[in-house]
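Note sheet for the following structure.
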Amino acid sequence: MAANLETLKSSLRIDGDDDDELLKGYLSAATSYIKQSVGDENGVSGFYEMDGVSDLFETAVYALAGSYWYYRTSITSSTVNPVDLVVDSIIGQLRGLYSQKQDEVDGNGD
């Protein structure tokens, strides 16, 4: 199951469809960011749909897209972290899993 607009809207408590295009863009940007941070699917086919990976990946996408939504204005009164700690932590976990699966694909696994 891929990250979807309705789940993102529900998690952000957004009713209506006025901002759907903006939110779709945030989902796309978050998905791209995380995949580029972890690794592309050319190295490990179907990696982001694997058990133990798909839930982490979706959680990171929703968390990052939510951050994009929350910090969508350039003028804020608080400090903004470029990548929130939840997303950073999950990206680290996904990198480890990706590396492990890459080793298995390359025949370097135990």
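We name chains A, B, ... following the order of the structure tokens; residues begin at 1 in each chain, and ligands are numbered from 1 as shown.
The shell of residues at most 10 Å from A:Gly39, with only C-alpha atoms counted and near chain neighbours (fewer than 6 positions) removed, consists of Phe47, Tyr48, Leu94, Arg95, Tyr98, Ser99 and Gln102 of chain A.
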Skipping near chain neighbours, those fewer than 3 positions away, what residues fall within 7 Å of stretch 57-72 of chain A using only C-alpha atoms, listed as a ChimeraX atom specification? /A:2-3,8,12,26-27,30-31,48,53-54,87,90
Emit the selected residues as a tab-separated table (two decimals), in the first residue's frame, including all heavy atoms.
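Result file is selection.tsv:
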chain	number	residue	atom	x	y	z
A	2	ALA	N	0.68	2.11	-0.94
A	2	ALA	CA	1.46	3.34	-1.04
A	2	ALA	C	0.79	4.45	-0.24
A	2	ALA	O	-0.40	4.40	0.04
A	2	ALA	CB	1.58	3.75	-2.51
A	3	ALA	N	1.59	5.43	0.13
A	3	ALA	CA	1.06	6.60	0.83
A	3	ALA	C	-0.01	7.24	-0.05
A	3	ALA	O	0.15	7.35	-1.26
A	3	ALA	CB	2.18	7.58	1.12
A	8	LEU	N	-3.15	10.99	4.46
A	8	LEU	CA	-2.43	12.20	4.86
A	8	LEU	C	-3.40	13.25	5.39
A	8	LEU	O	-3.17	13.83	6.46
A	8	LEU	CB	-1.62	12.77	3.69
A	8	LEU	CG	-0.89	14.08	3.99
A	8	LEU	CD1	0.13	13.91	5.11
A	8	LEU	CD2	-0.24	14.62	2.73
A	12	LEU	N	-3.61	14.81	9.24
A	12	LEU	CA	-3.45	16.25	9.46
A	12	LEU	C	-4.76	16.91	9.89
A	12	LEU	O	-4.80	18.11	10.13
A	12	LEU	CB	-2.93	16.94	8.19
A	12	LEU	CG	-1.54	16.53	7.74
A	12	LEU	CD1	-1.23	17.13	6.37
A	12	LEU	CD2	-0.50	16.94	8.76
A	26	TYR	N	3.22	17.55	-1.78
A	26	TYR	CA	3.99	17.22	-0.59
A	26	TYR	C	4.24	15.73	-0.48
A	26	TYR	O	5.33	15.30	-0.09
A	26	TYR	CB	3.28	17.73	0.67
A	26	TYR	CG	3.24	19.23	0.82
A	26	TYR	CD1	2.28	19.83	1.61
A	26	TYR	CD2	4.15	20.06	0.16
A	26	TYR	CE1	2.24	21.21	1.77
A	26	TYR	CE2	4.11	21.44	0.31
A	26	TYR	CZ	3.15	22.01	1.11
A	26	TYR	OH	3.10	23.37	1.26
A	27	LEU	N	3.23	14.92	-0.79
A	27	LEU	CA	3.41	13.46	-0.77
A	27	LEU	C	4.48	13.03	-1.79
A	27	LEU	O	5.34	12.21	-1.48
A	27	LEU	CB	2.09	12.75	-1.08
A	27	LEU	CG	1.13	12.54	0.07
A	27	LEU	CD1	-0.19	11.96	-0.44
A	27	LEU	CD2	1.72	11.65	1.15
A	30	ALA	N	7.93	14.20	-0.54
A	30	ALA	CA	8.37	13.39	0.59
A	30	ALA	C	8.81	12.01	0.13
A	30	ALA	O	9.84	11.49	0.57
A	30	ALA	CB	7.26	13.28	1.63
A	31	THR	N	8.05	11.41	-0.77
A	31	THR	CA	8.40	10.10	-1.31
A	31	THR	C	9.75	10.15	-2.01
A	31	THR	O	10.62	9.31	-1.78
A	31	THR	CB	7.30	9.60	-2.28
A	31	THR	OG1	6.08	9.48	-1.56
A	31	THR	CG2	7.66	8.26	-2.90
A	48	TYR	N	10.70	-1.09	-1.29
A	48	TYR	CA	9.77	-0.28	-0.51
A	48	TYR	C	8.42	-0.96	-0.27
A	48	TYR	O	7.61	-0.46	0.51
A	48	TYR	CB	9.59	1.10	-1.16
A	48	TYR	CG	10.88	1.87	-1.10
A	48	TYR	CD1	11.71	1.96	-2.21
A	48	TYR	CD2	11.30	2.47	0.08
A	48	TYR	CE1	12.92	2.65	-2.14
A	48	TYR	CE2	12.50	3.15	0.16
A	48	TYR	CZ	13.31	3.24	-0.95
A	48	TYR	OH	14.50	3.90	-0.87
A	53	VAL	N	9.46	-3.09	5.73
A	53	VAL	CA	9.94	-1.86	5.09
A	53	VAL	C	8.77	-0.94	4.76
A	53	VAL	O	8.83	0.26	5.01
A	53	VAL	CB	10.75	-2.17	3.81
A	53	VAL	CG1	11.10	-0.90	3.05
A	53	VAL	CG2	12.02	-2.95	4.15
A	54	SER	N	7.70	-1.50	4.22
A	54	SER	CA	6.59	-0.68	3.71
A	54	SER	C	5.98	0.20	4.79
A	54	SER	O	5.70	1.38	4.55
A	54	SER	CB	5.52	-1.53	3.03
A	54	SER	OG	4.95	-2.44	3.95
A	87	VAL	N	11.48	11.33	10.94
A	87	VAL	CA	11.86	10.98	9.58
A	87	VAL	C	13.33	10.60	9.53
A	87	VAL	O	13.71	9.60	8.90
A	87	VAL	CB	11.55	12.13	8.61
A	87	VAL	CG1	12.08	11.83	7.22
A	87	VAL	CG2	10.07	12.41	8.56
A	90	ILE	N	13.79	7.08	10.93
A	90	ILE	CA	13.28	6.04	10.03
A	90	ILE	C	14.18	5.91	8.81
A	90	ILE	O	14.44	4.78	8.35
A	90	ILE	CB	11.82	6.32	9.63
A	90	ILE	CG1	10.91	6.18	10.86
A	90	ILE	CG2	11.37	5.37	8.52
A	90	ILE	CD1	9.48	6.61	10.62
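Nearest residue to A:Ile34 among A:Gln93, A:Asn108, A:Gln100, A:Asn4 is A:Gln93, counting only C-alpha atoms.
Straight-line separation from atom CA of A:Gln36 to atom CA of A:Asp51: 20.0 Å.
Going from atom CA of A:Val38 over to atom CA of A:Asp55, you cover 14.8 Å.
Atom CA of A:Ser89 sits 21.4 Å away from atom CA of A:Thr7.
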Which residues in stretch 4-76 of chain A does DSSP call alpha helix (DSSP H)? List them as a count of residues only. 44
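Among the candidates A:Met50, A:Asp84, A:Leu5, A:Gly107, the one nearest to A:Ser28 when counting only C-alpha atoms is A:Leu5.
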